[in-house]
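Asker: Would you mind keeping the following structure in view while I ask a few things?
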4 protein chains.
Amino acid sequence: MAGSSIGTIFRVTTWGESHGKAVGAVVDGCPAGLSLSEKRIQPFLDRRKPGQSRYTTQRSEADRVEILSGVFEGKTTGTPISLLIRNNDQHSADYGNLADVYRPGHADFGFDAKYGFRDYRGGGRSSGRETTGRVAAGAIAVLLLEELGIRLTAYTRSIGPVKISSFDESQIMKNRLYMPDAEAAEKASLWLEQCMKEQNSSGGTVECLVTGMPAGAGEPVFDKLDACLAKAIMSIGAVKAVEIGDGIAVAEATGAENNDPFLPGGRDSAAVRKASNHAGGILGGISDGSTIRIRASVKPTPSISRVQKTVSRTGEAVDLSIHGRHDPVIVPRAAVVVEAMTALTLADALLCGMSARLDNVKAVWKR
Amino acid sequence: MAGSSIGTIFRVTTWGESHGKAVGAVVDGCPAGLSLSEKRIQPFLDRRKPGQSRYTTQRSEADRVEILSGVFEGKTTGTPISLLIRNNDQHSADYGNLADVYRPGHADFGFDAKYGFRDYRGGGRSSGRETTGRVAAGAIAVLLLEELGIRLTAYTRSIGPVKISSFDESQIMKNRLYMPDAEAAEKASLWLEQCMKEQNSSGGTVECLVTGMPAGAGEPVFDKLDACLAKAIMSIGAVKAVEIGDGIAVAEATGAENNDPFLPGGRDSAAVRKASNHAGGILGGISDGSTIRIRASVKPTPSISRVQKTVSRTGEAVDLSIHGRHDPVIVPRAAVVVEAMTALTLADALLCGMSARLDNVKAVWKR
Amino acid sequence: MAGSSIGTIFRVTTWGESHGKAVGAVVDGCPAGLSLSEKRIQPFLDRRKPGQSRYTTQRSEADRVEILSGVFEGKTTGTPISLLIRNNDQHSADYGNLADVYRPGHADFGFDAKYGFRDYRGGGRSSGRETTGRVAAGAIAVLLLEELGIRLTAYTRSIGPVKISSFDESQIMKNRLYMPDAEAAEKASLWLEQCMKEQNSSGGTVECLVTGMPAGAGEPVFDKLDACLAKAIMSIGAVKAVEIGDGIAVAEATGAENNDPFLPGGRDSAAVRKASNHAGGILGGISDGSTIRIRASVKPTPSISRVQKTVSRTGEAVDLSIHGRHDPVIVPRAAVVVEAMTALTLADALLCGMSARLDNVKAVWKR
Amino acid sequence: MAGSSIGTIFRVTTWGESHGKAVGAVVDGCPAGLSLSEKRIQPFLDRRKPGQSRYTTQRSEADRVEILSGVFEGKTTGTPISLLIRNNDQHSADYGNLADVYRPGHADFGFDAKYGFRDYRGGGRSSGRETTGRVAAGAIAVLLLEELGIRLTAYTRSIGPVKISSFDESQIMKNRLYMPDAEAAEKASLWLEQCMKEQNSSGGTVECLVTGMPAGAGEPVFDKLDACLAKAIMSIGAVKAVEIGDGIAVAEATGAENNDPFLPGGRDSAAVRKASNHAGGILGGISDGSTIRIRASVKPTPSISRVQKTVSRTGEAVDLSIHGRHDPVIVPRAAVVVEAMTALTLADALLCGMSARLDNVKAVWKR
């Protein structure tokens, strides 16, 4: 458990806090020969950053990524790729009154309990800002997966009580909430206006689809593909549930309803198609070649302006009002983080799974 | 990704297939000095095994555990503990017609795609039988946690459309469905009778509560306690969703509803209580000292007697009827597996977290 | 640090003590499709076991290996392979007076310091007997490497002051000391007779050669191939030094002497040969395609009949005479253990290195 | 095998190449509460850098370290510590003619064989420059160990044929060769002058002593303390042998000579002293409380001005003369790297070993 690292072969280590000088990531194990540049990574960071809509914090970060190693003449060398993003907008002043109280719903108390003290400025290491490193690293994984014909699409599926009821991929980048349903995006906006008026915040769900995934990835029994995805997604701050395929709906289904019958004539070498996809692309912990479907439930942002009851470090009751900046919703920004974590997990699973068959080992190594 | 191992310090490796000679586990990193014997582990295995009710497979396994190493004069020595459970009742004959077809909802196809071939007898490594090793290892973790005042309670929360509406812990072991609500257990039985008549199966949910967990366990950012729990639980066959605390309900909650206010006067050294526990005992990926609440959604068992459409290995359409033994529901048996995986995760997190503070490191090592 | 496991993809976990019921190993990550049976593994164990010459302990162990999982119809399935070897000859009586004293040169004190107590019978987990699991697992790695055209040869290079001065591979299995030089074997025997007369023991060196290794294996910077080999070999009890190629001799060489010039026309795709091989087949931590040469220095067995000064657990001075069985030399038996550990390391490096190039990743996974 | 990371709890990831923008390291798992600043780390880097004597390369690097995260108000927070050192002096021009040839004794060929191509400038990731990250991270480990009363002393033990024959610690920093024997330092200087005249280079040995190490650290069987040290030291470029205690001398010793008798009355809780220390402070893979002694044999620097035979990438014979800068000896600079790697290994072993006893686990976690 080196808490700041994830992955076995395609291994990512992130670092940095909200108010440190910078945040970043080191990507180790990326195969050599992949085209890579700051320009190819930047769009992912742009989708993540604050200040993009009236529903996201007005913190002005440029979030420009720098590649400090691991790329030569435009291609990855196979050596670690170090990514750095400088912190600019840190408003230390916003956090003055928070040094000695525990904000409800935040990790403040946990960090104090664990380490004995904490960097109280803006959430320190528990801040949403640490997802910057994840997204930059995830971008590299996405590019690698693209080389294999694998494509990820992440979007907001619901905000509060408003769910999408149709799916048009082209709509995702056309509204500020990253919903693939323009009408739902409208309704969600109204809901959020209401939240903001009431000094409140909202939760929601993010969904990610993966097409083109070959069958056979995942390592039973403990590193099953869905288990690894669950860990990666649950590690994103504010996520409280992870579902694969039909998710919680399977609990009320019967076997006849839930099984996906196999049909002849498929895409990959094993030539299998399925009549349905309740499984969400993963069976027995191994990818089956159909679309992978993952869903994350995101809790409402804990920082709200309303007065909340809490305690100080010394245990006294305190009425807390959190000034400064906070989002009424973080779900749309979480979409690219879900995509990044999904990509990292799939990339690692594919690289780890290369040696499953003796034939493939011989193909690579036999002289 | 050594797929058959889980954990960093308290590390468990399981082995064995449905129709091999035996199944087992190796537990490495258990602290020395814990009282341990076959007698202390056996009750956990007894809760797991088949043939306990008319709703579970009539496969007669004694499932007697043997401790082959790591215990001396009744106490763990700190060296690896090898556990072995011999397979007795293997009915190879039941699986004859399954060698060349892929059973819908099972891992057959996945294993073929991954390895090129598979042990088709009864599911091989993907069989539910591999959970035997998990449960035996998990028992040791439960005993270790008990030494620290930590207690786990796992039970069936719902089967199909039938949910518990009250909670009486003493009821759990009094009905065959392990539900803490006798009335719900009755209704669920009727539901299952119907399923069996229709040659169908049912899904459900399992919940696990953990009391007495100290605050401060979990390693941000990727080995957060909830992330590790999600992986451990999702790795159990048939699980398609994992929820912490309020789980998916957070998506439709607001910040004011979802935040747990802190109150003065608590149990542990940091003296903090909470007015509610929507978070389910984990905040920012670190335990906060309140009850941990985890929920797993289990899909209906895929093996049903009804005719199902599938394909053979060579890609031809086949109508399949699976004879032999299968459960209309596996949710009750999954409860002890959920408990085991939760225990393993918590034990590992606690052992990994011992070095978080320099003071503790000095207390153990300074001469 | 799960101390009882080694490897990342080809991962081995061993378990068992000198006086427990059995010893064994779990091999995870072996590619599917390798021919495997007890019969293929047994010869390796036979080379390791005691009672083979008048210089090795007269402990009569059959050391018959059982494969409990991971093989189906004669081939590995890709799932974990569990190996078990029952302990038979345990002479508990021999160790009665040792429960409360620390034998010089043994791990007794260390285990007490670490765990607070120890299984004092025969060395418990620190006993040479745990190498049985290593050798059984190593056998599988050797068989895998053979499939890739890689061959290992391990032998005794010196015993005490007697070094080999010629190399004839066919001699290795013709003398009890496993020396590839019959004359040296004779001299060494005389030396050992002298040691036994004096109730003393002798050290020596083991060397292992690897031919056919492809270039490109090893992961800079910390998992360099030689670094991993050093760890694997040093982990063998009684080893106090590990050398690669010329080893310690490089300290007194100059650059002009030590560099291996490259020559045109080689064996593998990169078409490179070397005029010499001071490097021992590994350059910059990566295999270069020439013969790998590793050497282990083994200390004399600590258990001797002579009276030795030591202390009891309570700190009092004690004069200790160790009765029972002990070898005047363990070097020959260590040869197969060095071979096993070398094989495990090379197998893991090859499997981990499969994803170094994007081209290979595409070859395996692109649909 | 994430090649660029080492350690389990105290985990270090390094990144950066010779001619990239910067080099650095991320240190994860350092306990919270340790005093840390750039000022405390800088002296270690100063000992490592080039241009310190007429025997080391005249590459002018300031090597100023920046701490980008993980420290708050002068103390480590327990979160990852990111260290960055910018590259200044890169002389790309020096390497022009080396893009297409393999320098004998260097990793050029290995990297090409592994990745298909390489960053040819100055050795890329295989350059000695990557040790900068190691040393910076190792400095933090040294500071942590100091808090526990553990002290490391590394020095040059021999250069070519010249060995130290006395030991005066105060001499180490008084001569450019870091030898604790002024007379030997003189002789070694003369030897090196001769090498430089002959356009040649020299090897040597580095030794590191550790005092104050508590007994009980190390994880049998595969993560024994000496095994982990061997890996860490062997991973340093140019190291071809690692010895513990008497090292290779044990091969020619007898048991009576080599065993270290235990004596009553020691330093730590187990109250044990030894009459000698042939074991070098580690027995059965576990520290025994006496001085740890490690020795590394370093090969002569491969880059020499003399003409050498080699081949080009396309396999043609080439006569190569390496212009630009190179050291006639790197042994003195390797001393601080050996110290760093030793510190990292010991720190990790101590943190991993905190949970060996149930009593210690209770002391930290029981509520």
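Going by the structure tokens order, chains are called A, B, ..., each with residues numbered from 1, while ligands are numbered from 1 in the order shown.
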Go through chain B and flag each residue having an atom no more than 8 Å from chain C; for those, report the closest pair of atoms plus their distance in Å to one decimal, using only C-alpha atoms, ordered by chain and rising number, as JSON lines.
Answerer:
{"residue": "B:Met1", "atom": "CA", "partner": "C:Ile9", "partner_atom": "CA", "distance": 6.6}
{"residue": "B:Ala2", "atom": "CA", "partner": "C:Ile9", "partner_atom": "CA", "distance": 5.7}
{"residue": "B:Gly3", "atom": "CA", "partner": "C:Asp28", "partner_atom": "CA", "distance": 7.6}
{"residue": "B:Ser4", "atom": "CA", "partner": "C:Asp28", "partner_atom": "CA", "distance": 6.7}
{"residue": "B:Thr8", "atom": "CA", "partner": "C:Ala2", "partner_atom": "CA", "distance": 6.4}
{"residue": "B:Ile9", "atom": "CA", "partner": "C:Ala2", "partner_atom": "CA", "distance": 5.7}
{"residue": "B:Phe10", "atom": "CA", "partner": "C:Ala2", "partner_atom": "CA", "distance": 7.7}
{"residue": "B:Arg11", "atom": "CA", "partner": "C:Ala2", "partner_atom": "CA", "distance": 6.5}
{"residue": "B:Thr13", "atom": "CA", "partner": "C:Thr13", "partner_atom": "CA", "distance": 7.7}
{"residue": "B:Thr14", "atom": "CA", "partner": "C:Pro80", "partner_atom": "CA", "distance": 8.0}
{"residue": "B:Trp15", "atom": "CA", "partner": "C:Pro80", "partner_atom": "CA", "distance": 5.6}
{"residue": "B:Gly16", "atom": "CA", "partner": "C:Ser69", "partner_atom": "CA", "distance": 5.1}
{"residue": "B:Glu17", "atom": "CA", "partner": "C:Ser69", "partner_atom": "CA", "distance": 6.4}
{"residue": "B:Gly20", "atom": "CA", "partner": "C:Ser69", "partner_atom": "CA", "distance": 5.5}
{"residue": "B:Lys21", "atom": "CA", "partner": "C:Leu68", "partner_atom": "CA", "distance": 5.4}
{"residue": "B:Ala22", "atom": "CA", "partner": "C:Leu68", "partner_atom": "CA", "distance": 6.1}
{"residue": "B:Val23", "atom": "CA", "partner": "C:Ser69", "partner_atom": "CA", "distance": 7.8}
{"residue": "B:Val26", "atom": "CA", "partner": "C:Trp15", "partner_atom": "CA", "distance": 7.3}
{"residue": "B:Asp28", "atom": "CA", "partner": "C:Ala2", "partner_atom": "CA", "distance": 6.5}
{"residue": "B:Gly29", "atom": "CA", "partner": "C:Ala2", "partner_atom": "CA", "distance": 6.6}
{"residue": "B:Pro31", "atom": "CA", "partner": "C:Tyr115", "partner_atom": "CA", "distance": 7.9}
{"residue": "B:Ala32", "atom": "CA", "partner": "C:Tyr115", "partner_atom": "CA", "distance": 5.7}
{"residue": "B:Gly33", "atom": "CA", "partner": "C:Tyr115", "partner_atom": "CA", "distance": 7.9}
{"residue": "B:Leu68", "atom": "CA", "partner": "C:Lys21", "partner_atom": "CA", "distance": 5.4}
{"residue": "B:Ser69", "atom": "CA", "partner": "C:Gly16", "partner_atom": "CA", "distance": 5.1}
{"residue": "B:Gly70", "atom": "CA", "partner": "C:Gly16", "partner_atom": "CA", "distance": 7.1}
{"residue": "B:Phe72", "atom": "CA", "partner": "C:Asp119", "partner_atom": "CA", "distance": 6.1}
{"residue": "B:Thr77", "atom": "CA", "partner": "C:Arg118", "partner_atom": "CA", "distance": 6.3}
{"residue": "B:Gly78", "atom": "CA", "partner": "C:Tyr115", "partner_atom": "CA", "distance": 6.6}
{"residue": "B:Thr79", "atom": "CA", "partner": "C:Arg125", "partner_atom": "CA", "distance": 6.8}
{"residue": "B:Pro80", "atom": "CA", "partner": "C:Trp15", "partner_atom": "CA", "distance": 5.5}
{"residue": "B:Ile81", "atom": "CA", "partner": "C:Trp15", "partner_atom": "CA", "distance": 7.1}
{"residue": "B:Ser82", "atom": "CA", "partner": "C:Trp15", "partner_atom": "CA", "distance": 6.4}
{"residue": "B:Tyr115", "atom": "CA", "partner": "C:Ala32", "partner_atom": "CA", "distance": 5.7}
{"residue": "B:Gly116", "atom": "CA", "partner": "C:Ala32", "partner_atom": "CA", "distance": 7.7}
{"residue": "B:Phe117", "atom": "CA", "partner": "C:Thr77", "partner_atom": "CA", "distance": 7.4}
{"residue": "B:Arg118", "atom": "CA", "partner": "C:Thr77", "partner_atom": "CA", "distance": 6.3}
{"residue": "B:Asp119", "atom": "CA", "partner": "C:Phe72", "partner_atom": "CA", "distance": 6.1}
{"residue": "B:Arg125", "atom": "CA", "partner": "C:Thr79", "partner_atom": "CA", "distance": 6.8}
Asker: Would you mind writing down, as number ranges by chain, each residue of range 83-317 of chain D that DSSP on the backbone assigns to alpha helix (DSSP H)?
Answerer: D: 108-115, 131-147, 182-197, 225-234, 255-258
Asker: List as a JSON list (two decimals) with N, CA, C and O atoms, in the first residue's frame the protein and nucleic acid residues near range 166-176 of chain D, meaning an atom at most 10 Å away when only C-alpha atoms are counted, but skip any in the same chain fewer than 2 places from it.
Answerer:
[["chain", "number", "residue", "atom", "x", "y", "z"],
["D", 47, "ARG", "N", 27.70, 16.07, -1.84],
["D", 47, "ARG", "CA", 28.73, 15.02, -1.79],
["D", 47, "ARG", "C", 28.74, 14.19, -3.07],
["D", 47, "ARG", "O", 29.72, 13.56, -3.41],
["D", 52, "GLN", "N", 34.21, 17.83, -8.31],
["D", 52, "GLN", "CA", 34.69, 18.04, -6.96],
["D", 52, "GLN", "C", 36.19, 17.82, -6.81],
["D", 52, "GLN", "O", 36.81, 18.19, -5.84],
["D", 53, "SER", "N", 36.77, 17.14, -7.78],
["D", 53, "SER", "CA", 38.21, 16.89, -7.70],
["D", 53, "SER", "C", 38.72, 16.73, -9.11],
["D", 53, "SER", "O", 37.93, 16.70, -10.06],
["D", 54, "ARG", "N", 39.98, 16.62, -9.26],
["D", 54, "ARG", "CA", 40.49, 16.49, -10.61],
["D", 54, "ARG", "C", 40.17, 15.10, -11.18],
["D", 54, "ARG", "O", 40.38, 14.84, -12.34],
["D", 55, "TYR", "N", 39.64, 14.23, -10.32],
["D", 55, "TYR", "CA", 39.31, 12.88, -10.79],
["D", 55, "TYR", "C", 37.85, 12.73, -11.19],
["D", 55, "TYR", "O", 37.42, 11.66, -11.59],
["D", 56, "THR", "N", 37.07, 13.80, -11.01],
["D", 56, "THR", "CA", 35.66, 13.68, -11.39],
["D", 56, "THR", "C", 35.32, 14.69, -12.48],
["D", 56, "THR", "O", 35.92, 15.75, -12.58],
["D", 153, "THR", "N", 27.71, 5.33, 7.83],
["D", 153, "THR", "CA", 28.99, 5.91, 7.41],
["D", 153, "THR", "C", 29.46, 5.16, 6.17],
["D", 153, "THR", "O", 29.74, 3.96, 6.23],
["D", 154, "ALA", "N", 29.54, 5.88, 5.04],
["D", 154, "ALA", "CA", 29.99, 5.25, 3.81],
["D", 154, "ALA", "C", 31.30, 5.88, 3.37],
["D", 154, "ALA", "O", 31.52, 7.06, 3.57],
["D", 155, "TYR", "N", 32.17, 5.07, 2.78],
["D", 155, "TYR", "CA", 33.48, 5.58, 2.38],
["D", 155, "TYR", "C", 34.08, 4.68, 1.32],
["D", 155, "TYR", "O", 33.60, 3.56, 1.08],
["D", 156, "THR", "N", 35.14, 5.18, 0.71],
["D", 156, "THR", "CA", 35.88, 4.39, -0.28],
["D", 156, "THR", "C", 36.83, 3.48, 0.48],
["D", 156, "THR", "O", 37.64, 3.95, 1.27],
["D", 157, "ARG", "N", 36.74, 2.20, 0.22],
["D", 157, "ARG", "CA", 37.60, 1.23, 0.91],
["D", 157, "ARG", "C", 38.83, 0.90, 0.07],
["D", 157, "ARG", "O", 39.89, 0.58, 0.59],
["D", 163, "LYS", "N", 44.27, -0.42, -1.07],
["D", 163, "LYS", "CA", 43.23, -0.60, -0.04],
["D", 163, "LYS", "C", 43.57, 0.22, 1.22],
["D", 163, "LYS", "O", 44.73, 0.45, 1.51],
["D", 164, "ILE", "N", 42.54, 0.61, 1.95],
["D", 164, "ILE", "CA", 42.81, 1.27, 3.23],
["D", 164, "ILE", "C", 43.41, 0.24, 4.18],
["D", 164, "ILE", "O", 43.09, -0.95, 4.08],
["D", 178, "TYR", "N", 37.47, 10.36, -0.47],
["D", 178, "TYR", "CA", 36.59, 9.90, 0.62],
["D", 178, "TYR", "C", 37.11, 8.61, 1.27],
["D", 178, "TYR", "O", 36.35, 7.71, 1.59],
["D", 179, "MET", "N", 38.41, 8.54, 1.44],
["D", 179, "MET", "CA", 39.00, 7.36, 2.10],
["D", 179, "MET", "C", 39.31, 7.70, 3.56],
["D", 179, "MET", "O", 39.82, 8.78, 3.85],
["D", 180, "PRO", "N", 39.04, 6.81, 4.48],
["D", 180, "PRO", "CA", 39.28, 7.05, 5.90],
["D", 180, "PRO", "C", 40.73, 6.75, 6.31],
["D", 180, "PRO", "O", 41.00, 6.45, 7.47],
["D", 181, "ASP", "N", 41.63, 6.83, 5.34],
["D", 181, "ASP", "CA", 43.05, 6.53, 5.56],
["D", 181, "ASP", "C", 43.85, 7.46, 4.64],
["D", 181, "ASP", "O", 43.91, 7.26, 3.43],
["D", 182, "ALA", "N", 44.45, 8.51, 5.23],
["D", 182, "ALA", "CA", 45.11, 9.55, 4.43],
["D", 182, "ALA", "C", 46.22, 9.00, 3.55],
["D", 182, "ALA", "O", 46.40, 9.42, 2.41],
["D", 183, "GLU", "N", 46.96, 8.05, 4.09],
["D", 183, "GLU", "CA", 48.08, 7.47, 3.35],
["D", 183, "GLU", "C", 47.59, 6.72, 2.11],
["D", 183, "GLU", "O", 48.12, 6.88, 1.01],
["D", 184, "ALA", "N", 46.56, 5.94, 2.32],
["D", 184, "ALA", "CA", 45.98, 5.20, 1.19],
["D", 184, "ALA", "C", 45.45, 6.19, 0.15],
["D", 184, "ALA", "O", 45.59, 5.97, -1.05],
["D", 185, "ALA", "N", 44.86, 7.27, 0.62],
["D", 185, "ALA", "CA", 44.32, 8.27, -0.30],
["D", 185, "ALA", "C", 45.44, 8.82, -1.19],
["D", 185, "ALA", "O", 45.25, 9.02, -2.39],
["D", 186, "GLU", "N", 46.59, 9.04, -0.61],
["D", 186, "GLU", "CA", 47.75, 9.51, -1.38],
["D", 186, "GLU", "C", 48.14, 8.51, -2.47],
["D", 186, "GLU", "O", 48.29, 8.86, -3.64],
["D", 189, "SER", "N", 45.73, 8.35, -5.25],
["D", 189, "SER", "CA", 45.83, 9.49, -6.16],
["D", 189, "SER", "C", 46.90, 9.24, -7.21],
["D", 189, "SER", "O", 46.70, 9.51, -8.40],
["D", 332, "PRO", "N", 34.45, 7.22, -5.42],
["D", 332, "PRO", "CA", 34.15, 8.16, -4.34],
["D", 332, "PRO", "C", 32.74, 8.71, -4.42],
["D", 332, "PRO", "O", 32.05, 8.84, -3.42],
["D", 333, "ARG", "N", 32.30, 9.03, -5.62],
["D", 333, "ARG", "CA", 30.94, 9.57, -5.77],
["D", 333, "ARG", "C", 29.90, 8.51, -5.49],
["D", 333, "ARG", "O", 28.77, 8.81, -5.09]]
Asker: Given only C-alpha atoms, how would the per-residue table for range 315-367 of chain D near range 240-258 of chain C read, listing every residue at most 12 Å away with its closest atom pair and distance in Å to one decimal, sorted by chain and number, as CSV?
Answerer:
residue,atom,partner,partner_atom,distance
D:His326,CA,C:Gly255,CA,11.7
D:Asp327,CA,C:Gly255,CA,10.8
D:Pro328,CA,C:Gly255,CA,8.6
D:Val329,CA,C:Gly255,CA,9.5
D:Ile330,CA,C:Ala251,CA,11.3
D:Val331,CA,C:Ala251,CA,9.4
Asker: For range 131-139 of chain D, work out the shell of residues within 9 Å, counting only C-alpha atoms and skipping chain neighbours fewer than 4 positions away, then give it as a short mmCIF file (atom, residue, chain, number, x, y, z; two decimals) with N, CA and C atoms, in the first residue's frame.
Answerer:
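Once written, around26.cif looks like this:
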data_model
loop_
_atom_site.label_atom_id
_atom_site.label_comp_id
_atom_site.auth_asym_id
_atom_site.auth_seq_id
_atom_site.Cartn_x
_atom_site.Cartn_y
_atom_site.Cartn_z
N VAL D 12 10.00 4.83 -2.88
CA VAL D 12 10.61 5.91 -3.65
C VAL D 12 10.49 5.63 -5.14
N THR D 13 10.07 6.64 -5.89
CA THR D 13 10.01 6.55 -7.34
C THR D 13 10.92 7.65 -7.88
N THR D 14 11.88 7.28 -8.74
CA THR D 14 12.74 8.31 -9.32
C THR D 14 12.40 8.47 -10.79
N TRP D 15 12.77 9.61 -11.36
CA TRP D 15 12.52 9.87 -12.77
C TRP D 15 13.58 10.80 -13.28
N GLY D 16 13.72 10.83 -14.61
CA GLY D 16 14.62 11.81 -15.19
C GLY D 16 15.80 11.19 -15.91
N VAL D 23 15.70 16.03 -13.07
CA VAL D 23 15.60 14.70 -12.49
C VAL D 23 14.93 14.88 -11.13
N GLY D 24 14.41 13.79 -10.60
CA GLY D 24 13.73 13.96 -9.32
C GLY D 24 13.31 12.64 -8.71
N ALA D 25 12.60 12.76 -7.61
CA ALA D 25 12.11 11.59 -6.91
C ALA D 25 10.84 11.93 -6.15
N VAL D 26 10.01 10.92 -5.95
CA VAL D 26 8.83 11.07 -5.10
C VAL D 26 9.01 10.08 -3.94
N VAL D 27 8.95 10.57 -2.74
CA VAL D 27 9.08 9.71 -1.56
C VAL D 27 7.71 9.57 -0.92
N ARG D 40 18.30 20.60 4.64
CA ARG D 40 18.72 19.34 5.29
C ARG D 40 19.13 18.30 4.25
N ILE D 41 18.59 18.43 3.03
CA ILE D 41 18.88 17.46 1.96
C ILE D 41 20.11 17.85 1.15
N GLN D 42 20.30 19.13 0.95
CA GLN D 42 21.36 19.61 0.04
C GLN D 42 22.75 19.03 0.29
N PRO D 43 23.22 18.90 1.54
CA PRO D 43 24.57 18.38 1.75
C PRO D 43 24.80 17.00 1.13
N PHE D 44 23.78 16.18 1.09
CA PHE D 44 23.93 14.85 0.50
C PHE D 44 24.18 14.98 -1.00
N LEU D 45 23.43 15.88 -1.63
CA LEU D 45 23.63 16.08 -3.06
C LEU D 45 25.00 16.68 -3.35
N ARG D 48 27.61 14.20 -3.76
CA ARG D 48 27.50 13.34 -4.93
C ARG D 48 27.99 14.00 -6.22
N LYS D 49 27.95 15.30 -6.29
CA LYS D 49 28.03 15.91 -7.62
C LYS D 49 29.42 15.94 -8.24
N ASP D 63 22.88 21.37 -8.89
CA ASP D 63 22.17 20.32 -8.19
C ASP D 63 21.44 20.84 -6.95
N VAL D 65 18.25 21.19 -4.81
CA VAL D 65 17.00 20.43 -4.70
C VAL D 65 15.85 21.36 -4.30
N ILE D 81 6.38 13.27 -0.85
CA ILE D 81 7.34 14.36 -0.92
C ILE D 81 7.96 14.34 -2.31
N LEU D 83 10.58 15.71 -4.94
CA LEU D 83 11.86 16.41 -4.99
C LEU D 83 12.24 16.63 -6.45
N LEU D 84 12.70 17.83 -6.75
CA LEU D 84 13.08 18.13 -8.15
C LEU D 84 14.43 18.81 -8.17
N ILE D 85 15.29 18.37 -9.13
CA ILE D 85 16.60 18.98 -9.33
C ILE D 85 16.72 19.25 -10.82
N SER D 127 22.10 6.96 -17.39
CA SER D 127 23.18 7.85 -16.97
C SER D 127 23.33 7.87 -15.45
N LEU D 143 17.77 10.93 7.49
CA LEU D 143 17.25 11.79 8.56
C LEU D 143 16.26 11.03 9.44
N LEU D 144 15.43 10.21 8.80
CA LEU D 144 14.47 9.41 9.57
C LEU D 144 15.22 8.43 10.48
N ILE D 236 22.71 0.02 -8.27
CA ILE D 236 23.52 1.20 -8.58
C ILE D 236 24.38 0.86 -9.80
N GLY D 237 24.38 1.71 -10.78
CA GLY D 237 25.15 1.43 -11.98
C GLY D 237 26.62 1.14 -11.65
N VAL D 336 28.16 8.01 -1.52
CA VAL D 336 26.91 8.59 -0.99
C VAL D 336 25.70 7.89 -1.61
N VAL D 337 25.89 7.32 -2.80
CA VAL D 337 24.77 6.59 -3.39
C VAL D 337 24.55 5.28 -2.62
N VAL D 338 25.65 4.62 -2.27
CA VAL D 338 25.55 3.40 -1.47
C VAL D 338 24.88 3.72 -0.13
N GLU D 339 25.27 4.84 0.46
CA GLU D 339 24.67 5.25 1.73
C GLU D 339 23.18 5.49 1.56
N ALA D 340 22.81 6.17 0.46
CA ALA D 340 21.40 6.46 0.20
C ALA D 340 20.59 5.19 0.04
N MET D 341 21.09 4.26 -0.76
CA MET D 341 20.34 3.03 -1.01
C MET D 341 20.23 2.19 0.27
N THR D 342 21.28 2.21 1.07
CA THR D 342 21.25 1.48 2.34
C THR D 342 20.18 2.09 3.25
N ALA D 343 20.17 3.42 3.31
CA ALA D 343 19.20 4.09 4.16
C ALA D 343 17.77 3.80 3.72
N LEU D 344 17.52 3.85 2.42
CA LEU D 344 16.17 3.57 1.92
C LEU D 344 15.73 2.17 2.31
#
Asker: To one decimal place, how far is CA of Leu145 in chain C from CA of Ser287 in chain C in Å?
Answerer: 14.5 Å
Asker: What separation in Å, quoted to one decimal, exists between CA of Ser201 in chain D and CA of Pro300 in chain D?
Answerer: 5.5 Å
Asker: List the neighbours of Lys274 in chain B out to 10 Å using only C-alpha atoms; skip same-chain residues closer than 6 positions along the sequence, and give me the result as a list in words.
Answerer: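 So the residues in contact are Pro104, Lys309, Thr310 and Val311 of chain A; Asn259, Asp260, Pro261, Phe262, Leu263, Pro264, Gly265, Gly266, Gly281, Asp288, Gly289 and Ser290 of chain B.
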Asker: Let's see if you can do this: from backbone DSSP, list all strand (DSSP E) residues in range 8-121 of chain C, as a list in words.
Answerer: Arg11, Val12, Thr13, Thr14, Trp15, Gly16, Ala22, Val23, Gly24, Ala25, Val26, Val27, Asp28, Val65, Glu66, Ile67, Val71, Phe72, Lys75, Thr76, Ile81, Ser82, Leu83, Leu84, Ile85 and Arg86 of chain C
